[in-house]
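*Asks:* So here's entry_32.txt, just compact mmCIF, C-alpha atoms (C1' of nucleotides):
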# COMPACT_ATOMS: atom_id res chain seq x y z
CA MET A 263 -56.08 19.93 5.64
CA LYS A 264 -53.56 17.63 7.29
CA PHE A 265 -49.92 17.52 6.29
CA ASN A 266 -48.91 14.69 8.53
CA PHE A 267 -47.41 11.37 7.48
CA PRO A 268 -48.23 8.61 9.95
CA LYS A 269 -46.98 5.03 9.91
CA GLU A 270 -50.14 3.69 8.29
CA GLU A 271 -49.30 5.53 5.07
CA LYS A 272 -45.93 3.81 4.70
CA LEU A 273 -45.84 0.91 2.32
CA LYS A 274 -44.31 -1.96 4.30
CA SER A 275 -45.76 -5.25 3.20
CA GLN A 276 -43.23 -7.29 1.28
CA ARG A 277 -46.00 -9.11 -0.59
CA LEU A 278 -47.63 -5.91 -1.73
CA ILE A 279 -44.33 -4.43 -2.89
CA GLU A 280 -43.53 -7.50 -4.95
CA GLN A 281 -46.99 -7.40 -6.46
CA LEU A 282 -46.62 -3.70 -7.18
CA ILE A 283 -43.35 -4.15 -9.03
CA ALA A 284 -44.71 -7.10 -10.98
CA GLU A 285 -48.14 -5.74 -11.90
CA GLY A 286 -48.05 -2.01 -11.20
CA ARG A 287 -48.56 0.62 -13.86
CA THR A 288 -45.90 3.25 -14.35
CA LEU A 289 -46.01 6.96 -14.91
CA LYS A 290 -42.91 8.97 -15.70
CA THR A 291 -42.41 12.59 -14.79
CA PHE A 292 -38.74 13.25 -14.99
CA PRO A 293 -36.79 12.86 -12.73
CA ILE A 294 -39.31 10.63 -11.00
CA LYS A 295 -40.92 7.37 -11.96
CA VAL A 296 -44.17 6.44 -10.26
CA ILE A 297 -45.33 2.84 -9.96
CA TYR A 298 -48.87 2.47 -8.70
CA LEU A 299 -51.52 -0.15 -8.16
CA SER A 300 -54.94 0.07 -6.64
CA ASP A 301 -55.58 -2.51 -3.99
CA ALA A 302 -58.88 -3.13 -2.19
CA SER A 303 -57.26 -4.29 1.03
CA LEU A 304 -55.74 -0.86 1.69
CA GLU A 305 -57.40 1.46 4.18
CA CYS A 306 -55.54 4.49 2.83
CA HIS A 307 -52.89 5.28 0.25
CA GLN A 308 -49.52 3.73 1.03
CA ILE A 309 -46.31 5.01 -0.44
CA ALA A 310 -42.63 4.16 -0.47
CA CYS A 311 -39.65 5.98 -1.90
CA SER A 312 -36.60 4.52 -3.55
CA VAL A 313 -33.32 5.67 -5.01
CA PRO A 314 -31.21 3.21 -6.94
CA LYS A 315 -27.81 2.47 -5.47
CA ARG A 316 -26.40 2.35 -8.98
CA ASN A 317 -26.79 6.10 -9.42
CA PHE A 318 -25.95 7.20 -5.90
CA LYS A 319 -23.28 5.24 -4.12
CA LEU A 320 -23.39 7.14 -0.85
CA ALA A 321 -26.10 6.35 1.65
CA VAL A 322 -26.22 9.99 2.73
CA ARG A 323 -27.26 11.14 -0.74
CA ARG A 324 -29.89 8.44 -1.11
CA ASN A 325 -31.34 9.25 2.28
CA ARG A 326 -31.59 12.91 1.43
CA ILE A 327 -33.39 12.33 -1.84
CA LYS A 328 -35.81 9.91 -0.23
CA ARG A 329 -36.55 12.41 2.51
CA GLN A 330 -37.17 15.14 -0.02
CA MET A 331 -39.57 12.94 -1.98
CA LYS A 332 -41.37 11.93 1.19
CA GLU A 333 -41.63 15.54 2.26
CA SER A 334 -43.05 16.61 -1.06
CA TYR A 335 -45.67 13.85 -0.95
CA ARG A 336 -46.64 14.88 2.56
CA LEU A 337 -47.28 18.45 1.47
CA HIS A 338 -49.24 17.56 -1.64
CA LYS A 339 -51.03 14.33 -0.79
CA HIS A 340 -54.38 16.22 -0.59
CA LEU A 341 -54.29 16.26 -4.40
CA LEU A 342 -55.05 12.55 -4.25
CA THR A 343 -57.76 12.41 -1.60
CA ASN A 344 -60.74 12.91 -3.90
CA ASN A 345 -60.87 9.37 -5.19
CA ASN A 346 -63.92 7.10 -5.27
CA GLY A 347 -62.91 4.90 -2.36
CA LYS A 348 -60.01 3.47 -4.30
CA ASN A 349 -56.65 3.36 -2.53
CA PHE A 350 -53.30 3.12 -4.20
CA ALA A 351 -49.99 1.55 -3.32
CA ILE A 352 -47.41 3.88 -4.80
CA LEU A 353 -43.67 3.62 -5.25
CA PHE A 354 -41.70 6.72 -6.13
CA VAL A 355 -38.37 5.99 -7.77
CA TYR A 356 -35.84 8.71 -8.41
CA ILE A 357 -34.36 7.98 -11.82
CA GLY A 358 -32.16 11.05 -12.27
CA LYS A 359 -28.43 10.68 -12.01
CA GLU A 360 -27.57 14.08 -10.57
CA LYS A 361 -28.20 15.51 -7.15
CA PRO A 362 -31.59 17.21 -7.50
CA LEU A 363 -32.95 20.52 -6.26
CA TYR A 364 -35.97 20.29 -4.04
CA ASP A 365 -38.00 22.34 -6.57
CA GLN A 366 -37.51 19.69 -9.27
CA ILE A 367 -38.71 16.90 -7.02
CA ASP A 368 -41.56 18.98 -5.73
CA SER A 369 -42.97 19.89 -9.15
CA ALA A 370 -42.52 16.34 -10.43
CA ILE A 371 -44.40 14.88 -7.49
CA GLN A 372 -47.15 17.46 -7.80
CA SER A 373 -47.80 16.84 -11.45
CA SER A 374 -47.70 13.08 -11.07
CA LEU A 375 -50.17 13.22 -8.21
CA LYS A 376 -52.50 15.33 -10.31
CA GLN A 377 -52.37 12.77 -13.09
CA LEU A 378 -53.03 9.97 -10.65
CA ALA A 379 -56.09 11.69 -9.25
CA LEU A 380 -57.82 11.60 -12.62
C1' A B 142 5.68 36.59 13.28
C1' G B 143 6.65 32.94 9.12
C1' A B 144 8.03 27.82 7.55
C1' G B 145 8.69 22.49 8.56
C1' C B 146 7.92 18.04 11.58
C1' A B 147 5.29 15.35 15.53
C1' G B 148 1.02 14.89 18.69
C1' G B 149 -3.90 16.30 20.35
C1' C B 150 -8.81 18.74 19.90
C1' C B 151 -13.12 20.90 17.26
C1' G B 152 -15.50 19.94 12.92
C1' C B 153 -20.95 25.67 11.27
C1' C B 154 -24.71 28.48 14.43
C1' U B 155 -29.73 30.80 15.37
C1' U B 156 -34.96 31.50 14.48
C1' A B 157 -39.73 30.38 12.20
C1' U B 158 -43.29 27.02 9.81
C1' C B 159 -44.69 22.00 8.65
C1' G B 160 -43.35 16.82 9.82
C1' C B 161 -40.96 11.83 11.74
C1' C B 162 -39.22 8.07 15.98
C1' G B 163 -38.76 6.77 21.21
C1' C B 164 -39.48 8.35 26.54
C1' G B 165 -42.01 10.81 30.81
C1' U B 166 -46.31 13.24 33.07
C1' A B 167 -51.45 14.50 33.03
C1' C B 168 -56.30 13.60 32.21
C1' U B 169 -61.53 14.18 29.41
C1' U B 170 -57.86 7.29 27.50
C1' G B 171 -56.85 9.69 21.95
C1' U B 172 -54.39 10.13 15.03
C1' U B 173 -55.12 14.14 22.99
C1' A B 174 -52.18 17.98 25.61
C1' C B 175 -47.66 19.38 27.77
C1' G B 176 -42.44 18.43 28.78
C1' G B 177 -37.86 16.41 27.41
C1' G B 178 -34.48 13.41 24.02
C1' G B 179 -33.09 11.93 18.92
C1' A B 180 -26.13 9.99 14.10
C1' G B 181 -20.18 9.98 13.94
C1' G B 182 -14.99 10.93 14.69
C1' A B 183 -14.73 8.06 11.70
C1' A B 184 -21.52 5.77 12.41
C1' A B 185 -17.26 3.60 6.84
C1' G B 186 -13.82 -0.73 5.51
C1' U B 187 -15.51 -5.43 8.12
C1' C B 188 -9.10 -6.14 9.10
C1' C B 189 -7.98 -8.05 14.44
C1' G B 190 -9.67 -8.92 19.68
C1' G B 191 -13.68 -9.71 23.18
C1' A B 192 -18.77 -10.02 25.31
C1' C B 193 -23.20 -12.72 24.34
C1' A B 194 -25.92 -16.79 21.93
C1' C B 195 -26.50 -21.35 19.53
C1' C B 196 -24.52 -26.11 17.49
C1' A B 197 -26.42 -34.55 17.07
C1' U B 198 -19.44 -32.75 20.76
C1' A B 199 -15.88 -28.67 20.63
C1' G B 200 -11.29 -35.04 22.16
C1' G B 201 -6.48 -36.83 19.38
C1' G B 202 -3.65 -36.27 14.71
C1' A B 203 -2.18 -34.08 10.22
C1' A B 204 -2.90 -29.74 7.63
C1' G B 205 -3.89 -24.53 7.73
C1' C B 206 -3.80 -19.53 9.73
C1' A B 207 -1.75 -15.88 13.04
C1' U B 208 2.10 -13.90 16.22
C1' A B 209 7.67 -13.32 17.21
C1' G B 210 13.95 -9.10 21.54
C1' C B 211 12.73 -8.24 26.89
C1' G B 212 9.17 -6.35 30.54
C1' G B 213 4.38 -4.42 31.49
C1' C B 214 -1.08 -2.90 30.62
C1' U B 215 -5.75 -5.19 29.45
C1' A B 216 -11.81 -8.88 29.51
C1' A B 217 -8.73 -9.84 25.26
C1' C B 218 -5.68 -8.61 21.10
C1' G B 219 -2.09 -9.02 15.76
C1' G B 220 -3.62 -3.12 20.14
C1' C B 221 -1.19 0.23 23.67
C1' C B 222 3.02 1.71 27.11
C1' G B 223 8.08 1.28 28.65
C1' U B 224 12.88 -0.49 27.57
C1' C B 225 17.33 -2.76 25.01
C1' G B 226 19.70 -3.58 20.34
C1' U B 227 19.84 -2.13 14.89
C1' C B 228 19.37 1.70 11.11
C1' C B 229 18.59 7.02 9.63
C1' U B 230 19.16 12.02 11.30
C1' G B 231 20.49 16.81 14.24
C1' A B 232 23.61 18.93 18.13
C1' A B 233 27.73 18.65 21.47
C1' U B 234 32.47 16.27 21.97
C1' U B 235 38.10 15.35 25.95
C1' C B 236 36.87 11.59 19.28
C1' G B 237 35.90 7.17 23.78
C1' U B 238 31.08 8.74 23.37
C1' U B 239 26.79 11.78 25.27
C1' C B 240 22.00 14.15 24.43
C1' G B 241 17.56 15.05 21.16
C1' G B 242 14.22 13.43 16.99
C1' G B 243 12.55 9.48 13.74
C1' A B 244 11.94 4.26 11.26
C1' A B 245 10.89 -1.00 11.15
C1' A B 246 8.54 -7.14 8.73
C1' G B 247 14.61 -7.40 15.68
C1' G B 248 13.07 -15.86 17.31
C1' A B 249 16.50 -19.58 14.60
C1' C B 250 20.81 -20.04 8.65
C1' U B 251 27.04 -24.76 14.67
C1' A B 252 18.79 -29.50 10.81
C1' G B 253 18.24 -29.41 5.63
C1' U B 254 17.19 -26.92 0.82
C1' G B 255 17.35 -22.45 -2.19
C1' C B 256 19.59 -17.68 -3.60
C1' A B 257 24.13 -14.41 -3.59
C1' A B 258 25.40 -8.71 -8.62
C1' C B 259 30.43 -7.58 -10.61
C1' A B 260 35.17 -9.72 -10.89
C1' G B 261 37.21 -14.61 -11.42
C1' A B 262 39.34 -20.73 -14.68
C1' A B 263 36.27 -22.08 -10.68
C1' A B 264 31.32 -19.64 -5.59
C1' G B 265 30.49 -26.00 -3.40
C1' G B 266 30.61 -32.47 -4.18
C1' A B 267 36.19 -26.34 -7.95
C1' U B 268 41.16 -26.97 -9.14
C1' G B 269 42.97 -23.58 -14.80
C1' U B 270 47.65 -20.85 -15.73
C1' A B 271 52.74 -19.47 -14.11
C1' C B 272 56.68 -20.50 -10.68
C1' A B 273 58.63 -23.48 -6.70
C1' G B 274 58.56 -27.98 -3.65
C1' G B 275 57.14 -33.14 -3.31
C1' U B 276 55.48 -38.30 -5.02
C1' A B 277 55.42 -44.70 -7.71
C1' A B 278 51.48 -41.42 -9.51
C1' U B 279 47.81 -37.45 -8.80
C1' G B 280 46.09 -29.91 -7.26
C1' C B 281 49.57 -33.66 -3.18
C1' U B 282 51.61 -28.71 -0.94
C1' G B 283 52.92 -23.42 -1.15
C1' U B 284 53.02 -18.64 -3.67
C1' A B 285 51.05 -15.29 -7.45
C1' G B 286 46.11 -13.70 -9.40
C1' U B 287 39.91 -12.39 -8.76
C1' G B 288 36.86 -11.33 -4.76
C1' A B 289 33.68 -9.75 1.21
C1' A B 290 34.71 -15.03 0.92
C1' A B 291 38.65 -19.96 -2.79
C1' U B 292 37.29 -27.27 1.00
C1' C B 293 38.10 -22.14 5.71
C1' A B 294 33.30 -21.00 4.94
C1' U B 295 30.00 -16.04 4.94
C1' G B 296 25.33 -13.46 4.28
C1' U B 297 20.09 -14.04 3.54
C1' A B 298 14.04 -16.62 6.89
C1' A B 299 8.34 -9.26 3.85
C1' A B 300 13.15 -17.57 0.65
C1' C B 301 11.19 -22.51 1.64
C1' U B 302 11.86 -24.28 6.33
C1' C B 303 12.53 -25.06 11.79
C1' U B 304 11.22 -23.61 16.90
C1' A B 305 7.81 -21.55 20.58
C1' U B 306 2.86 -19.87 21.62
C1' G B 307 -2.35 -19.32 20.30
C1' C B 308 -6.71 -20.75 17.35
C1' G B 309 -13.75 -25.91 17.46
C1' G B 310 -17.52 -23.78 14.17
C1' U B 311 -21.39 -20.32 13.13
C1' G B 312 -22.94 -15.00 13.89
C1' A B 313 -28.20 -10.91 15.94
C1' A B 314 -31.37 -12.74 9.25
C1' A B 315 -27.80 -15.86 16.22
C1' U B 316 -31.27 -17.26 19.89
C1' G B 317 -35.63 -17.40 23.26
C1' U B 318 -40.77 -16.58 23.77
C1' C B 319 -46.06 -15.17 22.75
C1' A B 320 -49.94 -15.13 19.19
C1' U B 321 -52.04 -17.42 14.64
C1' G B 322 -52.19 -22.47 12.71
C1' U B 323 -54.38 -29.52 12.39
C1' A B 324 -48.37 -27.43 12.22
C1' A B 325 -43.79 -32.78 16.06
C1' A B 326 -50.44 -32.76 11.47
C1' C B 327 -52.28 -36.20 6.78
C1' C B 328 -51.34 -40.07 2.60
C1' U B 329 -47.76 -43.40 -0.20
C1' A B 330 -42.95 -45.73 -0.71
C1' C B 331 -38.22 -46.98 1.46
C1' G B 332 -35.76 -48.00 5.96
C1' U B 333 -35.99 -50.64 11.76
C1' U B 334 -31.72 -50.46 17.19
C1' U B 335 -27.81 -56.61 14.31
C1' G B 336 -28.30 -48.87 12.54
C1' A B 337 -31.35 -46.42 6.82
C1' G B 338 -29.30 -41.95 6.97
C1' G B 339 -26.62 -37.95 9.19
C1' A B 340 -23.21 -34.04 12.31
C1' U B 341 -18.21 -32.72 13.45
C1' G B 342 -14.00 -29.11 6.70
C1' C B 343 -9.99 -33.93 6.34
C1' C B 344 -8.25 -38.91 9.07
C1' C B 345 -9.07 -41.43 13.72
C1' G B 346 -12.45 -41.08 17.31
C1' U B 347 -16.99 -39.29 19.21
C1' C B 348 -21.98 -38.11 18.77
C1' C B 349 -27.22 -37.90 16.74
C1' G B 350 -30.65 -41.17 14.76
C1' A B 351 -37.65 -42.69 13.40
C1' U B 352 -39.77 -36.22 15.44
C1' G B 353 -35.72 -40.05 9.15
C1' U B 354 -35.46 -39.69 3.69
C1' A B 355 -38.11 -39.24 -1.01
C1' G B 356 -42.71 -38.15 -3.23
C1' G B 357 -47.89 -36.43 -2.88
C1' A B 358 -52.09 -33.68 -1.17
C1' G B 359 -53.39 -29.49 1.59
C1' G B 360 -52.97 -25.03 4.55
C1' G B 361 -50.88 -20.58 6.00
C1' U B 362 -47.35 -16.76 7.85
C1' A B 363 -43.56 -13.37 7.12
C1' G B 364 -46.62 -10.10 13.33
C1' G B 365 -45.65 -8.70 18.86
C1' C B 366 -42.16 -9.03 22.97
C1' A B 367 -37.29 -10.34 24.80
C1' G B 368 -32.19 -10.34 22.82
C1' A B 369 -31.55 -4.37 22.41
C1' U B 370 -29.23 -0.29 24.88
C1' C B 371 -27.16 0.80 32.57
C1' G B 372 -22.52 -0.28 30.03
C1' A B 373 -15.06 -3.58 30.40
C1' G B 374 -20.54 3.54 30.52
C1' C B 375 -19.55 9.11 30.92
C1' A B 376 -17.79 13.42 33.75
C1' C B 377 -15.35 14.83 38.13
C1' U B 378 -12.32 14.39 43.32
C1' G B 379 -8.12 12.21 45.61
C1' G B 380 -4.15 8.60 45.38
C1' G B 381 -0.48 4.95 43.00
C1' G B 382 2.63 4.20 38.55
C1' U B 383 8.19 6.86 34.09
C1' A B 384 3.90 5.44 31.09
C1' A B 385 -0.03 2.41 29.01
C1' C B 386 -3.17 1.90 33.07
C1' C B 387 -5.13 0.80 38.06
C1' C B 388 -7.75 2.04 42.71
C1' U B 389 -11.09 5.69 44.67
C1' U B 390 -14.96 10.17 45.87
C1' U B 391 -19.26 12.49 44.11
C1' G B 392 -22.63 13.16 40.32
C1' C B 393 -25.15 11.79 35.66
C1' C B 394 -28.48 8.49 32.32
C1' U B 395 -26.57 10.27 26.99
C1' A B 396 -30.43 7.58 19.80
C1' G B 397 -32.87 2.84 19.82
C1' A B 398 -35.27 2.67 14.19
C1' U B 399 -36.96 -2.32 11.92
C1' A B 400 -39.36 -1.34 3.80
C1' A B 401 -35.85 1.14 8.74
C1' A B 402 -37.10 7.86 12.68
C1' U B 403 -33.19 11.47 13.67
C1' G B 404 -36.01 15.59 8.53
C1' A B 405 -37.75 19.42 4.81
C1' U B 406 -38.26 24.46 3.52
C1' A B 407 -37.37 29.68 4.32
C1' A B 408 -34.79 33.76 6.54
C1' G B 409 -30.68 35.68 9.19
C1' G B 410 -25.70 35.18 11.03
C1' A B 411 -20.51 33.18 11.35
C1' U B 412 -15.89 31.61 8.86
C1' C B 413 -13.12 31.33 4.32
C1' C B 414 -12.30 32.56 -1.04
C1' G B 415 -12.90 35.76 -5.43
C1' C B 416 -14.29 40.59 -7.66
C1' C B 417 -14.20 45.55 -7.38
C1' U B 418 -16.67 51.39 -7.59
C1' C B 419 -14.50 49.81 -0.15
C1' G B 420 -19.35 49.07 0.35
C1' G B 421 -21.58 45.48 -1.46
C1' C B 422 -22.04 41.39 -4.89
C1' G B 423 -21.08 36.21 -6.10
C1' G B 424 -19.42 31.57 -4.38
C1' A B 425 -17.78 27.82 -0.81
C1' U B 426 -18.56 25.34 4.41
C1' A B 427 -15.28 18.65 4.09
C1' C B 428 -15.48 13.21 4.73
C1' A B 429 -19.75 11.00 5.50
C1' G B 430 -25.69 8.16 7.99
C1' A B 431 -26.32 4.12 13.87
C1' A B 432 -28.87 -1.37 12.78
C1' C B 433 -26.64 -6.42 19.15
C1' C B 434 -22.77 -4.05 22.05
C1' C B 435 -17.72 -2.89 23.46
C1' G B 436 -11.69 -2.36 22.82
C1' G B 437 -8.43 -1.46 18.72
C1' C B 438 -6.46 -1.01 13.67
C1' U B 439 -6.96 0.95 8.72
C1' U B 440 -8.90 4.31 5.23
C1' A B 441 -11.68 9.31 3.95
C1' U B 442 -11.82 14.41 5.66
C1' A B 443 -13.14 21.70 3.66
C1' G B 444 -11.71 24.70 7.42
C1' G B 445 -10.13 26.11 12.33
C1' C B 446 -7.66 25.82 17.29
C1' C B 447 -3.89 24.12 20.94
C1' U B 448 0.95 21.95 22.61
C1' G B 449 6.12 20.52 21.81
C1' C B 450 10.63 20.52 18.88
C1' U B 451 13.67 22.48 14.79
C1' U B 452 14.71 26.64 11.75
C1' U B 453 14.46 31.78 9.49
C1' U B 454 13.56 37.01 10.21
C1' U B 455 12.55 41.33 13.30
C1' U B 456 12.71 43.88 18.09
C1' U B 457 14.84 44.40 23.11
As a first step, turn the structure in this file into C-alpha cells.

*Replies:*
Amino acid sequence: MKFNFPKEEKLKSQRLIEQLIAEGRTLKTFPIKVIYLSDASLECHQIACSVPKRNFKLAVRRNRIKRQMKESYRLHKHLLTNNNGKNFAILFVYIGKEKPLYDQIDSAIQSSLKQLAL
RNA sequence: AGAGCAGGCCGCCUUAUCGCCGCGUACUUGUUACGGGGAGGAAAGUCCGGACACCAUAGGGAAGCAUAGCGGCUAACGGCCGUCGUCCUGAAUUCGUUCGGGAAAGGACUAGUGCAACAGAAAGGAUGUACAGGUAAUGCUGUAGUGAAAUCAUGUAAACUCUAUGCGGUGAAAUGUCAUGUAAACCUACGUUUGAGGAUGCCCGUCCGAUGUAGGAGGGUAGGCAGAUCGAGCACUGGGGUAACCCUUUGCCUAGAUAAAUGAUAAGGAUCCGCCUCGGCGGAUACAGAACCCGGCUUAUAGGCCUGCUUUUUUU
C-alpha cells in the first residue's frame, strides 16, 4: 500500500476546477465539505484542498489546515482505490470556523472517503 | 542585586515513522538508489528608493506630488552618519557657562492674503474718554489708560502662499522565446497617405497609422524554457574614516515553488507559569508563511541574553 502523494494527484486544471464547482456534487461531514465529480479524462483521482479566507485571516493558519487535510487524504486514499475505473476530481473545503485538531480532520476525511467509495 | 531609560542580539531543541519540492552523483535510465539542501526578523503593510523590462516618444508648458539648516555616506532615497542652532531634562558652576541624556514637521512672513486668546473704545485702511497744547477747521499733537504690540508694527508657513531641488508612464499576471494552431488566417461593411482612427492623464508639440475599426463565421489554448536566484551576496583578514561607510586578503554558494514544496503524527527534553502532599501533575512557548531581486521605513512580537547610562539598597 502506497502512502505517497505525487504531483499527478493534485488537481491543477483551472477548467476542471470551474466545472467541479459548477456541476460537482457535495457531501458534508463536519467540519469538512467535499465536492466531487467523476471525469473520464482523469488517469487517477485528483484532489485539492481549500480553506476560506473569510474564516481564517492568517495565511499560516490556512496553510496548516490545508496541509493537515492533504496529509489525512494521503494516509487514507486507499479507501477509494476500489472503484470501477471511475476517477474523481475532489475538492475538500474546511468549513469550520475554529482551529481544528488533527483527529477531527482525520475522522471526517476517513468517513467521507468511505461514503465516496460506495 | 533590584528598578528605569536607550541600543543591539536570539527567538525552542532532539529522535522515530510516513510524505512534499529543487540540486548533485551513480547505474541496471526509473513513480530507481544514495548524498546533500529546503521560510523570516519582520517573509507582513506595499509607504519610499533603486535594479531590470516594456511602451506608436519620454520634448515644452501649466497643474500635481515629494523634499527642506550645514556637511557627508550611498546605485539611490523621503534612509543613515556627523555637526550647528532651538526646545526639554540631569549634574557641575567662578552664575559667564561647561558636561551628559533626549525631542522634532529648523528654507522664506523687509511679495501678497489669512489668523492672533484675554484685556481694551479700537488689533489695521482705529481714534472713544479725561486733561493739556495747537488750528480757519479737523485725533492735528502730547499725556493718562488696555495690552507682548496702539499708523511703530510683531508672531505664525504639520495657514494659503513663495523660493530652491527632484519626479515620463506601466510593473514580473512586465517581457522574451519554444511548442501547438490556418492564428499577421477567412467573410461583410466602413475608411485610403489630401490621414479613418489612435498613443502620450491635460494644453502645445511629437509620434503611430491599413497588420485599422465594427460585425459575422469558425477554431483552439491557458503548457515548457528564459526572466528567476552568483548577488549593490555572506563570513573573515588588514587598512582608512569621529561615524554612516569605503578599500582590501582569504574562503563560501546559502529556498526557488507556480491551484503554489518547505510538512504531518508520535515520543522525549528545555524554558516559563500555576497547584500542592516537594515529588509530581496541569498548562503555556509569541508575531507570523518566500512568489523577480536588492537598500530602507513602518507596524506586530511570548520569552530570553548582552552593552551603556541613571538611580536605590547591601557588602568591603

*Asks:* For a quick check of your reading of the model, name the residues lying within 12 Å of the coordinate (-43.5, 22.6, -6.2), counting all atoms listed in the file, and write them as a short mmCIF file (atom, residue, chain, number, x, y, z; two decimals) with C-alpha atoms (C1' of nucleotides), in the frame of the given file.

*Replies:*
data_model
loop_
_atom_site.label_atom_id
_atom_site.label_comp_id
_atom_site.auth_asym_id
_atom_site.auth_seq_id
_atom_site.Cartn_x
_atom_site.Cartn_y
_atom_site.Cartn_z
CA GLN A 330 -37.17 15.14 -0.02
CA MET A 331 -39.57 12.94 -1.98
CA GLU A 333 -41.63 15.54 2.26
CA SER A 334 -43.05 16.61 -1.06
CA TYR A 335 -45.67 13.85 -0.95
CA LEU A 337 -47.28 18.45 1.47
CA HIS A 338 -49.24 17.56 -1.64
CA LEU A 363 -32.95 20.52 -6.26
CA TYR A 364 -35.97 20.29 -4.04
CA ASP A 365 -38.00 22.34 -6.57
CA GLN A 366 -37.51 19.69 -9.27
CA ILE A 367 -38.71 16.90 -7.02
CA ASP A 368 -41.56 18.98 -5.73
CA SER A 369 -42.97 19.89 -9.15
CA ALA A 370 -42.52 16.34 -10.43
CA ILE A 371 -44.40 14.88 -7.49
CA GLN A 372 -47.15 17.46 -7.80
CA SER A 373 -47.80 16.84 -11.45
CA SER A 374 -47.70 13.08 -11.07
CA LEU A 375 -50.17 13.22 -8.21
"C1'" U B 406 -38.26 24.46 3.52
#

*Asks:* Identify all chain A residues at most 12 Å from chain B by counting all atoms listed in the file; ligands do not count. Present them as a VMD selection string.

*Replies:* chain A and resid 263 to 270 272 to 280 308 to 312 319 to 337 353 363 to 365 368

*Asks:* Set the distance at 7 Å and use all atoms listed in the file: which residues neighbour stretch 311-328 of chain B once local chain neighbours fewer than 5 positions away are removed? I'd like the list as a count of residues only.

*Replies:* 4

*Asks:* Could you jot down the atom C1' of B:U442 to atom C1' of B:A183 separation for me, Å, one decimal place?

*Replies:*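 Separating atom C1' of B:U442 from atom C1' of B:A183 is a distance of 9.2 Å.
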
*Asks:* What does the structure give for the distance between atom C1' of B:A271 and atom C1' of B:A258, in Å to one decimal?

*Replies:*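 For atom C1' of B:A271 relative to atom C1' of B:A258, the distance reads 29.9 Å.
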
*Asks:* Counting only C-alpha atoms (C1' of nucleotides), I want the residues whose atoms come within 7 Å of (-14.2, 25.9, 6.4) in the file frame, returned as a list in words.

*Replies:*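 Those residues, ordered by chain and then number, are U412, C413, U426, A443 and G444 of chain B.
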
*Asks:* Atom C1' of B:G255 and atom C1' of B:A300 are how many Å apart?

*Replies:* 7.0 Å

*Asks:* So, with all atoms listed in the file as the atoms that count, which of A:Cys306, A:Ile294, A:Ile283, A:Leu299 lies closest to A:Ile352?

*Replies:*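 Closest to A:Ile352, using all atoms listed in the file: A:Leu299.
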
*Asks:* Leaving out B:C221 and any residue of its chain fewer than 6 positions from it, which residues lie within 10 Å of it when counting only C-alpha atoms (C1' of nucleotides), given as a ChimeraX atom specification?

*Replies:* /B:214-215,385-386,437

*Asks:* If I wrap all listed atoms of stretch 337-346 of chain B in a box with edges along x, y and z and add 4 Å on each side, what are its centre and edge lengths in Å to one decimal, as JSON?

*Replies:*
{"center_x": -19.8, "center_y": -37.8, "center_z": 11.8, "size_x": 31.1, "size_y": 25.3, "size_z": 19.0}

*Asks:* Quick one: residues within 12 Å of B:G283, all atoms listed in the file, excluding same-chain residues fewer than 5 positions away - as number ranges by chain?

*Replies:* B: 272-275
